[in-house]
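Asks: Below is one structure. I have some questions about it.
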Amino acid sequence: MLHPRDIVSFAAVAAVAGLCCSAAEIPPPPSADWTVFPSCQVRSTAEARAVFEPMTGSLPVTLVGEGPGAWVSLPGNFKGTTHQRCSWDIRIDADLAAARGLQFLFYSAGSEPVSQVSLYCHSGNGWYSTTADIRRDGVWQRVLFDKSRTKTEGTPAGWGAVDLLRVSAWRAGADADTAFGIAHIGPLASTAPVLVLRADSAAGGPEATSVAQFVETVSRCLDDIGIESAVLSDRDVTAARLAGRKLVVLPHNPSVPDEAMAALREFVAGGGRLLSFYGCPAEVLELIGMTRGEWQRAPGGPFRGIARVGDGLPGQPEVVRQASWNITPARPATPEARVVAVWQAADGTTTDLPALTVSPRGAHMAHVLLSDDWPGKRRLMLAMVAGAFPDAWAQAARHELDGAGRWGRFESLDDLGAALSRLGMTPATQAAWATAMGARQKAQEAIRKESYLAAIDAAQAAAKAAREAWCMAQPAVPGEHRAFWCHSAFGLDGQTWDESIGLLKRSGFTAILPNLLWGGVAFYPGEVLPPYADLARRGDQMQLCLDACRKYGIECHVWKVNWNMGSATDPAWVQRMVAAGRVQQDAQGVVSERWLCPSHPENQALEVAAMVDLARRYPIDGLHFDYIRYPDSQHCFCPGCRSRFEAHLGAAVEGWPAAVRQPGALRQRWLDWRREAITAVVRAVSEQARQARPGIRISAAVFRQWPTDRDEVGQDWKLWCERGYLDFVCPMDYTESTRTFQSQVRRQLEWSSGKPCYPGIGLSCWADPSDVMLLLEQIAICRELGTGGFTIFNFDRHAREVLPGLALGATAR
């Protein structure tokens with residue numbers, strides 16, 4: 001089980017402040033309109049310290065003020081210390097099973113020393129983790145710990161048995177103290193008509209990550225259409241907790257505990273409805289009048305979409321794009337059940353495979369809800385759940401209109417329009433804005449006439465036109481580096497490399513970083529790494545990509561995944577590495593079969609040779625390191641690492657590996673030696689590749705917190721910049737918080753030591769990977785800070801959705 005200190009949560013703390021204030025300068029918090037946990041209703045510092053326990057290195061808390069305005073001071077003692085986070089365990093002993101989560105007020109005096117704030121709830125033998133979305137310094141803010149946005153670690157016992165809240169502020173680069181305040185910690189109550197059933201019974205198993213992902217996707221979709229929901233753990237399901245609800249959603253539930261199944265049976269018998277996805281148990285489908293089909297792969301590549309059958313459901317889209325690889329369909333088992341959508345094959349033809357089956361008692365979608373075609377998914381979700389809510393369409397229409405224009409710093413279309421006026425509108429921008437205003441008026445009129453479907457369409461048209469107007473208003477900056485990482489070795493799905501690179505060129509981008517070799521496979525014929533299995537049929541992907549780049553004038557910096565052999569590596573090759581003792585082990589001796597050990601001389605030679613061979617064979621513009629690090633602080637402690645480190649020391653190490661994990665001089669020598677194993681490869685590639693191809697540029701995708709990551713994962717990228725091993729660096733700043741992004745990039749520009757720093761924007765990692773408005777905000781931050789460019793992850797279907805907007809202004813040619 002991972003310890004929470006090894007979890008990298010979503011970013012949370014706001015932008016850099018000059019000097020942080022002391023606790024005495026923090027104003028009292030505003031009052032709260034929610035209940036505070038009894039254990040947190042403390043009246044003295046002594047009582048507060050009995051509830052708030054500091055972790056190692058953190059300082060005790062202090063109660064400030066008295067009565068309803070009292071709050072707890074959390075000192076951020078980072079200056080001159082070595083602990084990785086200031087952290088407190090707060091005793092709450094709460095039953096949050098029926099709640100949406102918990103909430104509190106939080107104050108950040110200054111965020112320069114802090115990279116992020118993580119939140120954890122302890123339950124049973126595990127934790128639920130999320131982020132504190134703290135957007136500003138110097139003000140009290142309401143923080144929500146929403147159950148739908150959490151990951152699990154270990155085996156939590158459900159939200160009905162939460163005993164601790166952990167608040168952790170993680171160290172960033174600045175050697176400075178700060179201060180935090182927290183107040184009014186209490187439940188986020190909910191009487192939502194929809195419950196999303198989270199399969200916590202799968203915690204610790206292979207499906208745990210997917211369970212968390214699709215709970216979040218479904219919950220976000222419900223939020224986006226204005227339907228309130230709350231998450232309920234399948235360990236907490238009782239008939240009483242389902243009573244009064246209208247719909248229970250099973251977003252990805254490979255199994256359902258017996259107690260939960262009995263409660264669901266009673267819920268449906270009482271008139272409740274179920275909405276299930278993918279591989280839920282056959283007994284769930286029987287409750288809603290269906291039989292479960294066999295799991296099957298999509299024939300000939302991923303399905304293209306979900307096509308309506310006949311009239312379908314009221315408001316159901318004709319086609320919704322969804323690139324599913326696998327399905328578990330449901331077929332009608334009663335006269336009332338029917339198939340209302342089937343799958344479209346990869347070539348666009350319609351199959352007879354059920355995609356959506358409905359009955360008066362519920363519905364089943366044959367795969368999980370993916371985030372592609374998000375507008376279509378929202379409309380499909382509304383059609384699926386509307387049967388349970390007589391006023392669903394009216395509610396959704398008002399929500400759609402209210403939300404149009406509410407993006408980032410903008411609260412409404414009027415707010416956005418005022419910003420456009422300040423910038424000055426071109427005729428094209430004025431025309432787009434006029435379209436937006438006309439569509440908004442149509443939406444308002446349609447709501448008055450109770451034509452809710454028409455109102456939703458008009459509100460979405462208003463939002464689309466308003467986004468286009470804002471995109472048009474963004475200036476292009478000539479001469480900057482505009483790049484995409486491309487994780488696929490084949491370009492955009494369904495397109496050739498020529499088509500993919502042509503799209504980049506038309507969209508005003510200047511570079512591509514294609515992922516064409518891993519630790520054990522290359523997507524071209526070479527002499528070092530074995531080629532991918534489909535080379536004879538699909539061809540030399542390096543040459544195809546390079547030809548397209550030369551045709552369109554796009555730089556080609558080839559992305560190498562170092563050490564990690566990846567899923568495309570021949571299993572026989574992997575087993576050869578395992579048998580030769582060339583793979584990593586963690587501190588408990590668990591073997592990581594697909595991670596090569598960085599200290600093994602033959603592995604170092606393999607990494608260098610593969611990259612230099614590529615540079616010698618192809619006239620590429622650059623080589624790009626990725627995974628040029630250890631997986632985490634738990635690696636590598638294999639027998640080879642021990643013997644090589646002992647040889648370096650000239651002495652045996654007793655008590656391995658604990659001896660090198662304890663603070664002290666031996667640990668420091670271990671960390672230095674561990675870092676050098678990585679740096680040696682960067683240095684050798686830098687020297688030899690430049691000899692093989694003069695003018696080639698060397699770069700790296702790196703973790704964002706150099707001061708801590710140099711120890712945690714052995715990635716000393718500031719040193720690589722200082723010594724000229726790299727020509728530019730791309731920190732992976734994958735956060736949706738613009739304030740955090742700005743703070744991180746400002747620090748990284750200092751660490752890059754004058755080398756170009758092209759920040760990595762994590763588009764594909766966002767909750768909404770089609771959010772062009774947020775993308776524009778982060779591009780603007782790069783420009784304000786003078787980075788000279790940016791790198792976006794990832795060149796995939798989401799990129800296709802945002803490129804037209806970027807090309808209207810920010811990256812216009």
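Residues are referred to by chain and number: the chain letter is A, B, ... according to the order shown in the structure tokens, the number counts from 1 in that chain, and ligands are numbered separately from 1 in the order shown.
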With only C-alpha atoms as the counted atoms, please give the residues lying no more than 8 Å from Asp311 in chain A, apart from itself and same-chain residues fewer than 3 positions off, as a count of residues only.
Replies: 3
Asks: Give me the residues within 6 Å of Leu165 in chain A as a list in words, counting only C-alpha atoms and dropping any in the same chain fewer than 3 places off.
Replies: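 So, after excluding close chain neighbours, the residues are Asp89, Ile90, Tyr120 and Cys121 of chain A.
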Asks: Residues of range 568-602 of chain A within 10 Å of range 635-639 of chain A: nearest atom pair and distance (Å, one decimal) for each, counting only C-alpha atoms, sorted by chain and number, as a Markdown table?
Replies:
```
| residue | atom | partner | partner_atom | distance |
| --- | --- | --- | --- | --- |
| A:Gly581 | CA | A:Pro639 | CA | 8.3 |
| A:Arg582 | CA | A:Cys638 | CA | 8.9 |
| A:Val583 | CA | A:Cys638 | CA | 7.9 |
| A:Gln584 | CA | A:Cys636 | CA | 5.4 |
| A:Gln585 | CA | A:Cys638 | CA | 4.9 |
| A:Asp586 | CA | A:His635 | CA | 4.7 |
| A:Ala587 | CA | A:Phe637 | CA | 5.6 |
| A:Gln588 | CA | A:Phe637 | CA | 8.4 |
| A:Gly589 | CA | A:Cys638 | CA | 7.2 |
| A:Val590 | CA | A:Cys638 | CA | 9.1 |
| A:Val591 | CA | A:Cys638 | CA | 8.3 |
| A:Ser592 | CA | A:His635 | CA | 9.3 |
| A:Trp595 | CA | A:Cys636 | CA | 9.6 |
| A:Leu596 | CA | A:Cys636 | CA | 9.5 |
| A:Cys597 | CA | A:Cys636 | CA | 6.8 |
| A:Pro598 | CA | A:Cys636 | CA | 8.2 |
| A:Ser599 | CA | A:Cys636 | CA | 8.7 |
```
Asks: Range 411-486 of chain A: which residues are strand (DSSP E or B) by DSSP, as a list in words?
Replies: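 Assigned to strand (DSSP E or B), within range 411-486 of chain A: His481, Arg482, Ala483, Phe484, Trp485 and Cys486 of chain A.
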Asks: Those same residues - N, CA and C atoms - I'd like them written as a CSV table (one decimal), in the first residue's frame.
Replies:
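Output file out.csv follows:
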```csv
chain,number,residue,atom,x,y,z
A,481,HIS,N,7.7,28.9,-29.5
A,481,HIS,CA,7.7,27.4,-29.7
A,481,HIS,C,6.4,26.9,-29.3
A,482,ARG,N,5.6,26.3,-30.2
A,482,ARG,CA,4.3,25.7,-29.9
A,482,ARG,C,4.3,24.2,-30.2
A,483,ALA,N,4.2,23.4,-29.2
A,483,ALA,CA,4.4,22.0,-29.5
A,483,ALA,C,3.3,21.2,-28.8
A,484,PHE,N,3.2,20.0,-29.3
A,484,PHE,CA,2.3,18.9,-28.8
A,484,PHE,C,3.1,17.7,-28.5
A,485,TRP,N,3.0,17.1,-27.3
A,485,TRP,CA,3.4,15.7,-27.1
A,485,TRP,C,2.4,14.8,-27.9
A,486,CYS,N,2.9,13.8,-28.5
A,486,CYS,CA,2.0,12.8,-29.2
A,486,CYS,C,2.3,11.4,-28.6
```
Asks: So that I can check the surroundings of range 504-520 of chain A, please list as a PDB file with N, CA, C and O atoms, in the first residue's frame every protein, DNA and RNA residue that reaches within 8 Å of it, counting only C-alpha atoms and ignoring chain neighbours fewer than 5 positions away.
Replies:
```
ATOM      1  N   HIS A 481       7.694  28.881 -29.548  1.00  0.00           N
ATOM      2  CA  HIS A 481       7.721  27.421 -29.685  1.00  0.00           C
ATOM      3  C   HIS A 481       6.355  26.884 -29.258  1.00  0.00           C
ATOM      4  O   HIS A 481       5.956  27.026 -28.100  1.00  0.00           O
ATOM      5  N   ARG A 482       5.611  26.276 -30.187  1.00  0.00           N
ATOM      6  CA  ARG A 482       4.284  25.726 -29.900  1.00  0.00           C
ATOM      7  C   ARG A 482       4.316  24.249 -30.249  1.00  0.00           C
ATOM      8  O   ARG A 482       4.417  23.887 -31.423  1.00  0.00           O
ATOM      9  N   ALA A 483       4.230  23.409 -29.237  1.00  0.00           N
ATOM     10  CA  ALA A 483       4.431  21.979 -29.461  1.00  0.00           C
ATOM     11  C   ALA A 483       3.335  21.155 -28.813  1.00  0.00           C
ATOM     12  O   ALA A 483       2.693  21.573 -27.849  1.00  0.00           O
ATOM     13  N   PHE A 484       3.160  19.952 -29.348  1.00  0.00           N
ATOM     14  CA  PHE A 484       2.310  18.918 -28.758  1.00  0.00           C
ATOM     15  C   PHE A 484       3.148  17.679 -28.513  1.00  0.00           C
ATOM     16  O   PHE A 484       3.938  17.269 -29.374  1.00  0.00           O
ATOM     17  N   TRP A 485       2.996  17.076 -27.325  1.00  0.00           N
ATOM     18  CA  TRP A 485       3.421  15.692 -27.148  1.00  0.00           C
ATOM     19  C   TRP A 485       2.400  14.802 -27.863  1.00  0.00           C
ATOM     20  O   TRP A 485       1.195  15.054 -27.809  1.00  0.00           O
ATOM     21  N   CYS A 486       2.885  13.752 -28.520  1.00  0.00           N
ATOM     22  CA  CYS A 486       1.987  12.792 -29.163  1.00  0.00           C
ATOM     23  C   CYS A 486       2.306  11.408 -28.622  1.00  0.00           C
ATOM     24  O   CYS A 486       3.333  10.814 -28.990  1.00  0.00           O
ATOM     25  N   HIS A 487       1.459  10.911 -27.733  1.00  0.00           N
ATOM     26  CA  HIS A 487       1.726   9.627 -27.081  1.00  0.00           C
ATOM     27  C   HIS A 487       1.619   8.463 -28.056  1.00  0.00           C
ATOM     28  O   HIS A 487       2.280   7.440 -27.892  1.00  0.00           O
ATOM     29  N   SER A 488       0.786   8.603 -29.074  1.00  0.00           N
ATOM     30  CA  SER A 488       0.644   7.541 -30.065  1.00  0.00           C
ATOM     31  C   SER A 488       1.804   7.577 -31.047  1.00  0.00           C
ATOM     32  O   SER A 488       2.225   8.642 -31.489  1.00  0.00           O
ATOM     33  N   ALA A 489       2.306   6.408 -31.400  1.00  0.00           N
ATOM     34  CA  ALA A 489       3.369   6.318 -32.400  1.00  0.00           C
ATOM     35  C   ALA A 489       2.832   6.418 -33.817  1.00  0.00           C
ATOM     36  O   ALA A 489       3.614   6.358 -34.779  1.00  0.00           O
ATOM     37  N   GLY A 491       0.341   8.907 -34.797  1.00  0.00           N
ATOM     38  CA  GLY A 491      -0.355  10.157 -35.028  1.00  0.00           C
ATOM     39  C   GLY A 491      -1.772  10.091 -34.506  1.00  0.00           C
ATOM     40  O   GLY A 491      -2.120   9.266 -33.658  1.00  0.00           O
ATOM     41  N   LEU A 529      17.116  -1.421 -30.301  1.00  0.00           N
ATOM     42  CA  LEU A 529      15.887  -1.944 -29.703  1.00  0.00           C
ATOM     43  C   LEU A 529      15.107  -2.768 -30.725  1.00  0.00           C
ATOM     44  O   LEU A 529      15.117  -2.454 -31.920  1.00  0.00           O
ATOM     45  N   PRO A 530      14.404  -3.804 -30.271  1.00  0.00           N
ATOM     46  CA  PRO A 530      13.591  -4.579 -31.219  1.00  0.00           C
ATOM     47  C   PRO A 530      12.458  -3.722 -31.763  1.00  0.00           C
ATOM     48  O   PRO A 530      11.869  -2.910 -31.039  1.00  0.00           O
ATOM     49  N   GLN A 541       7.359   4.141 -38.660  1.00  0.00           N
ATOM     50  CA  GLN A 541       6.633   5.321 -38.191  1.00  0.00           C
ATOM     51  C   GLN A 541       7.538   6.533 -38.039  1.00  0.00           C
ATOM     52  O   GLN A 541       7.086   7.674 -38.201  1.00  0.00           O
ATOM     53  N   MET A 542       8.801   6.316 -37.777  1.00  0.00           N
ATOM     54  CA  MET A 542       9.741   7.436 -37.684  1.00  0.00           C
ATOM     55  C   MET A 542       9.856   8.137 -39.034  1.00  0.00           C
ATOM     56  O   MET A 542       9.788   9.363 -39.123  1.00  0.00           O
ATOM     57  N   TYR A 552       5.691  19.916 -44.077  1.00  0.00           N
ATOM     58  CA  TYR A 552       4.927  21.039 -43.547  1.00  0.00           C
ATOM     59  C   TYR A 552       5.768  22.020 -42.734  1.00  0.00           C
ATOM     60  O   TYR A 552       5.240  23.017 -42.222  1.00  0.00           O
ATOM     61  N   GLY A 553       7.061  21.751 -42.588  1.00  0.00           N
ATOM     62  CA  GLY A 553       7.904  22.665 -41.833  1.00  0.00           C
ATOM     63  C   GLY A 553       7.682  22.617 -40.331  1.00  0.00           C
ATOM     64  O   GLY A 553       7.747  23.647 -39.648  1.00  0.00           O
ATOM     65  N   ILE A 554       7.446  21.429 -39.802  1.00  0.00           N
ATOM     66  CA  ILE A 554       7.235  21.230 -38.367  1.00  0.00           C
ATOM     67  C   ILE A 554       8.468  20.543 -37.776  1.00  0.00           C
ATOM     68  O   ILE A 554       8.965  19.552 -38.324  1.00  0.00           O
ATOM     69  N   GLU A 555       8.972  21.056 -36.649  1.00  0.00           N
ATOM     70  CA  GLU A 555      10.117  20.424 -35.982  1.00  0.00           C
ATOM     71  C   GLU A 555       9.704  19.072 -35.399  1.00  0.00           C
ATOM     72  O   GLU A 555       8.601  18.936 -34.864  1.00  0.00           O
ATOM     73  N   CYS A 556      10.614  18.108 -35.476  1.00  0.00           N
ATOM     74  CA  CYS A 556      10.356  16.761 -34.964  1.00  0.00           C
ATOM     75  C   CYS A 556      11.361  16.442 -33.859  1.00  0.00           C
ATOM     76  O   CYS A 556      12.543  16.207 -34.130  1.00  0.00           O
ATOM     77  N   HIS A 557      10.893  16.471 -32.621  1.00  0.00           N
ATOM     78  CA  HIS A 557      11.709  16.137 -31.454  1.00  0.00           C
ATOM     79  C   HIS A 557      11.203  14.794 -30.923  1.00  0.00           C
ATOM     80  O   HIS A 557      10.116  14.726 -30.334  1.00  0.00           O
ATOM     81  N   VAL A 558      11.962  13.736 -31.122  1.00  0.00           N
ATOM     82  CA  VAL A 558      11.448  12.393 -30.855  1.00  0.00           C
ATOM     83  C   VAL A 558      11.479  12.086 -29.363  1.00  0.00           C
ATOM     84  O   VAL A 558      12.504  12.208 -28.696  1.00  0.00           O
ATOM     85  N   TRP A 559      10.347  11.657 -28.876  1.00  0.00           N
ATOM     86  CA  TRP A 559      10.097  11.369 -27.462  1.00  0.00           C
ATOM     87  C   TRP A 559      10.490   9.932 -27.167  1.00  0.00           C
ATOM     88  O   TRP A 559       9.964   8.994 -27.726  1.00  0.00           O
ATOM     89  N   LYS A 560      11.449   9.778 -26.242  1.00  0.00           N
ATOM     90  CA  LYS A 560      11.901   8.466 -25.780  1.00  0.00           C
ATOM     91  C   LYS A 560      11.445   8.237 -24.349  1.00  0.00           C
ATOM     92  O   LYS A 560      11.763   9.022 -23.462  1.00  0.00           O
ATOM     93  N   VAL A 561      10.669   7.194 -24.115  1.00  0.00           N
ATOM     94  CA  VAL A 561      10.356   6.779 -22.751  1.00  0.00           C
ATOM     95  C   VAL A 561      11.533   5.960 -22.245  1.00  0.00           C
ATOM     96  O   VAL A 561      11.808   4.873 -22.749  1.00  0.00           O
ATOM     97  N   ASN A 562      12.232   6.501 -21.261  1.00  0.00           N
ATOM     98  CA  ASN A 562      13.416   5.829 -20.721  1.00  0.00           C
ATOM     99  C   ASN A 562      13.035   4.854 -19.618  1.00  0.00           C
ATOM    100  O   ASN A 562      12.093   5.098 -18.854  1.00  0.00           O
ATOM    101  N   TRP A 563      13.761   3.746 -19.563  1.00  0.00           N
ATOM    102  CA  TRP A 563      13.676   2.718 -18.518  1.00  0.00           C
ATOM    103  C   TRP A 563      12.386   1.897 -18.571  1.00  0.00           C
ATOM    104  O   TRP A 563      12.431   0.696 -18.365  1.00  0.00           O
ATOM    105  N   ASN A 564      11.263   2.502 -18.811  1.00  0.00           N
ATOM    106  CA  ASN A 564       9.989   1.785 -18.830  1.00  0.00           C
ATOM    107  C   ASN A 564       9.814   1.099 -20.181  1.00  0.00           C
ATOM    108  O   ASN A 564       9.849   1.758 -21.223  1.00  0.00           O
ATOM    109  N   MET A 565       9.605  -0.202 -20.177  1.00  0.00           N
ATOM    110  CA  MET A 565       9.521  -0.952 -21.433  1.00  0.00           C
ATOM    111  C   MET A 565       8.157  -0.861 -22.100  1.00  0.00           C
ATOM    112  O   MET A 565       8.032  -1.139 -23.288  1.00  0.00           O
ATOM    113  N   GLY A 566       7.106  -0.490 -21.360  1.00  0.00           N
ATOM    114  CA  GLY A 566       5.812  -0.270 -21.977  1.00  0.00           C
ATOM    115  C   GLY A 566       5.124  -1.546 -22.424  1.00  0.00           C
ATOM    116  O   GLY A 566       5.688  -2.635 -22.458  1.00  0.00           O
ATOM    117  N   THR A 569       6.300  -3.738 -25.802  1.00  0.00           N
ATOM    118  CA  THR A 569       7.527  -4.537 -25.818  1.00  0.00           C
ATOM    119  C   THR A 569       7.195  -6.030 -25.841  1.00  0.00           C
ATOM    120  O   THR A 569       6.289  -6.490 -25.138  1.00  0.00           O
ATOM    121  N   ASP A 570       7.923  -6.765 -26.630  1.00  0.00           N
ATOM    122  CA  ASP A 570       7.750  -8.220 -26.719  1.00  0.00           C
ATOM    123  C   ASP A 570       7.906  -8.840 -25.325  1.00  0.00           C
ATOM    124  O   ASP A 570       8.912  -8.618 -24.651  1.00  0.00           O
ATOM    125  N   TRP A 573      11.225 -10.364 -24.580  1.00  0.00           N
ATOM    126  CA  TRP A 573      12.289  -9.405 -24.256  1.00  0.00           C
ATOM    127  C   TRP A 573      12.205  -9.018 -22.779  1.00  0.00           C
ATOM    128  O   TRP A 573      13.236  -8.951 -22.084  1.00  0.00           O
ATOM    129  N   VAL A 574      10.988  -8.777 -22.308  1.00  0.00           N
ATOM    130  CA  VAL A 574      10.796  -8.417 -20.905  1.00  0.00           C
ATOM    131  C   VAL A 574      11.327  -9.520 -19.996  1.00  0.00           C
ATOM    132  O   VAL A 574      12.058  -9.259 -19.029  1.00  0.00           O
ATOM    133  N   TRP A 595      10.205  -2.151 -15.698  1.00  0.00           N
ATOM    134  CA  TRP A 595      11.055  -0.997 -15.423  1.00  0.00           C
ATOM    135  C   TRP A 595      12.514  -1.468 -15.334  1.00  0.00           C
ATOM    136  O   TRP A 595      12.873  -2.214 -14.429  1.00  0.00           O
ATOM    137  N   LEU A 596      13.336  -1.013 -16.258  1.00  0.00           N
ATOM    138  CA  LEU A 596      14.757  -1.327 -16.212  1.00  0.00           C
ATOM    139  C   LEU A 596      15.438  -0.564 -15.081  1.00  0.00           C
ATOM    140  O   LEU A 596      15.093   0.582 -14.790  1.00  0.00           O
ATOM    141  N   GLU A 607      20.087   2.537 -23.109  1.00  0.00           N
ATOM    142  CA  GLU A 607      19.378   3.811 -23.263  1.00  0.00           C
ATOM    143  C   GLU A 607      20.167   4.771 -24.154  1.00  0.00           C
ATOM    144  O   GLU A 607      19.610   5.408 -25.053  1.00  0.00           O
ATOM    145  N   HIS A 624      14.090  13.800 -27.112  1.00  0.00           N
ATOM    146  CA  HIS A 624      13.333  14.252 -25.946  1.00  0.00           C
ATOM    147  C   HIS A 624      13.249  13.126 -24.917  1.00  0.00           C
ATOM    148  O   HIS A 624      12.635  12.085 -25.159  1.00  0.00           O
ATOM    149  N   LEU A 803      -8.032  22.685 -31.231  1.00  0.00           N
ATOM    150  CA  LEU A 803      -7.199  23.337 -32.244  1.00  0.00           C
ATOM    151  C   LEU A 803      -7.957  24.383 -33.065  1.00  0.00           C
ATOM    152  O   LEU A 803      -7.396  25.455 -33.352  1.00  0.00           O
ATOM    153  N   PRO A 804      -9.198  24.145 -33.468  1.00  0.00           N
ATOM    154  CA  PRO A 804      -9.896  25.196 -34.229  1.00  0.00           C
ATOM    155  C   PRO A 804     -10.003  26.504 -33.458  1.00  0.00           C
ATOM    156  O   PRO A 804      -9.846  27.591 -34.033  1.00  0.00           O
ATOM    157  N   LEU A 806      -7.941  27.591 -31.013  1.00  0.00           N
ATOM    158  CA  LEU A 806      -6.613  28.202 -30.931  1.00  0.00           C
ATOM    159  C   LEU A 806      -6.254  28.896 -32.239  1.00  0.00           C
ATOM    160  O   LEU A 806      -5.680  29.999 -32.246  1.00  0.00           O
ATOM    161  N   ALA A 807      -6.582  28.248 -33.346  1.00  0.00           N
ATOM    162  CA  ALA A 807      -6.210  28.784 -34.659  1.00  0.00           C
ATOM    163  C   ALA A 807      -6.945  30.072 -34.997  1.00  0.00           C
ATOM    164  O   ALA A 807      -6.527  30.824 -35.886  1.00  0.00           O
ATOM    165  N   THR A 811      -2.923  30.965 -31.784  1.00  0.00           N
ATOM    166  CA  THR A 811      -1.865  30.335 -32.579  1.00  0.00           C
ATOM    167  C   THR A 811      -2.076  30.570 -34.070  1.00  0.00           C
ATOM    168  O   THR A 811      -1.581  29.804 -34.899  1.00  0.00           O
ATOM    169  N   ALA A 812      -2.821  31.627 -34.403  1.00  0.00           N
ATOM    170  CA  ALA A 812      -3.091  31.903 -35.814  1.00  0.00           C
ATOM    171  C   ALA A 812      -1.789  32.079 -36.570  1.00  0.00           C
ATOM    172  O   ALA A 812      -0.833  32.666 -36.074  1.00  0.00           O
ATOM    173  N   ARG A 813      -1.736  31.560 -37.777  1.00  0.00           N
ATOM    174  CA  ARG A 813      -0.518  31.621 -38.578  1.00  0.00           C
ATOM    175  C   ARG A 813      -0.290  33.041 -39.076  1.00  0.00           C
ATOM    176  O   ARG A 813      -1.206  33.724 -39.487  1.00  0.00           O
TER     177      ARG A 813
END
```
Asks: Apply DSSP to the structure's backbone, then extract all residues of range 475-715 of chain A labelled alpha helix (DSSP H) and return them as a ChimeraX atom specification.
Replies: /A:497-506,535-538,541-552,571-579,601-617,639-649,665-692,706-712
Asks: Compile a residue-level contact table for range 747-813 of chain A against range 173-187 of chain A at a cut-off of 10 Å, reporting for every qualifying residue the shortest atom pair and its distance in Å to one decimal, with only C-alpha atoms counted, rows ordered by chain and ascending number, as a tab-separated table.
Replies:
```
residue	atom	partner	partner_atom	distance
A:Arg747	CA	A:Gly173	CA	7.2
A:Gln748	CA	A:Gly173	CA	9.1
A:Trp751	CA	A:Gly173	CA	9.3
```
Asks: What lies within 10 Å of Tyr725 in chain A using only C-alpha atoms, ignoring chain neighbours under 6 positions off, as a PyMOL selection string?
Replies: chain A and resi 679+682-687+697-699+717+719
Asks: Just how far from CA of Leu503 in chain A is CA of Ile306 in chain A, in Å to one decimal?
Replies: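 These atoms are spaced 26.2 Å apart.
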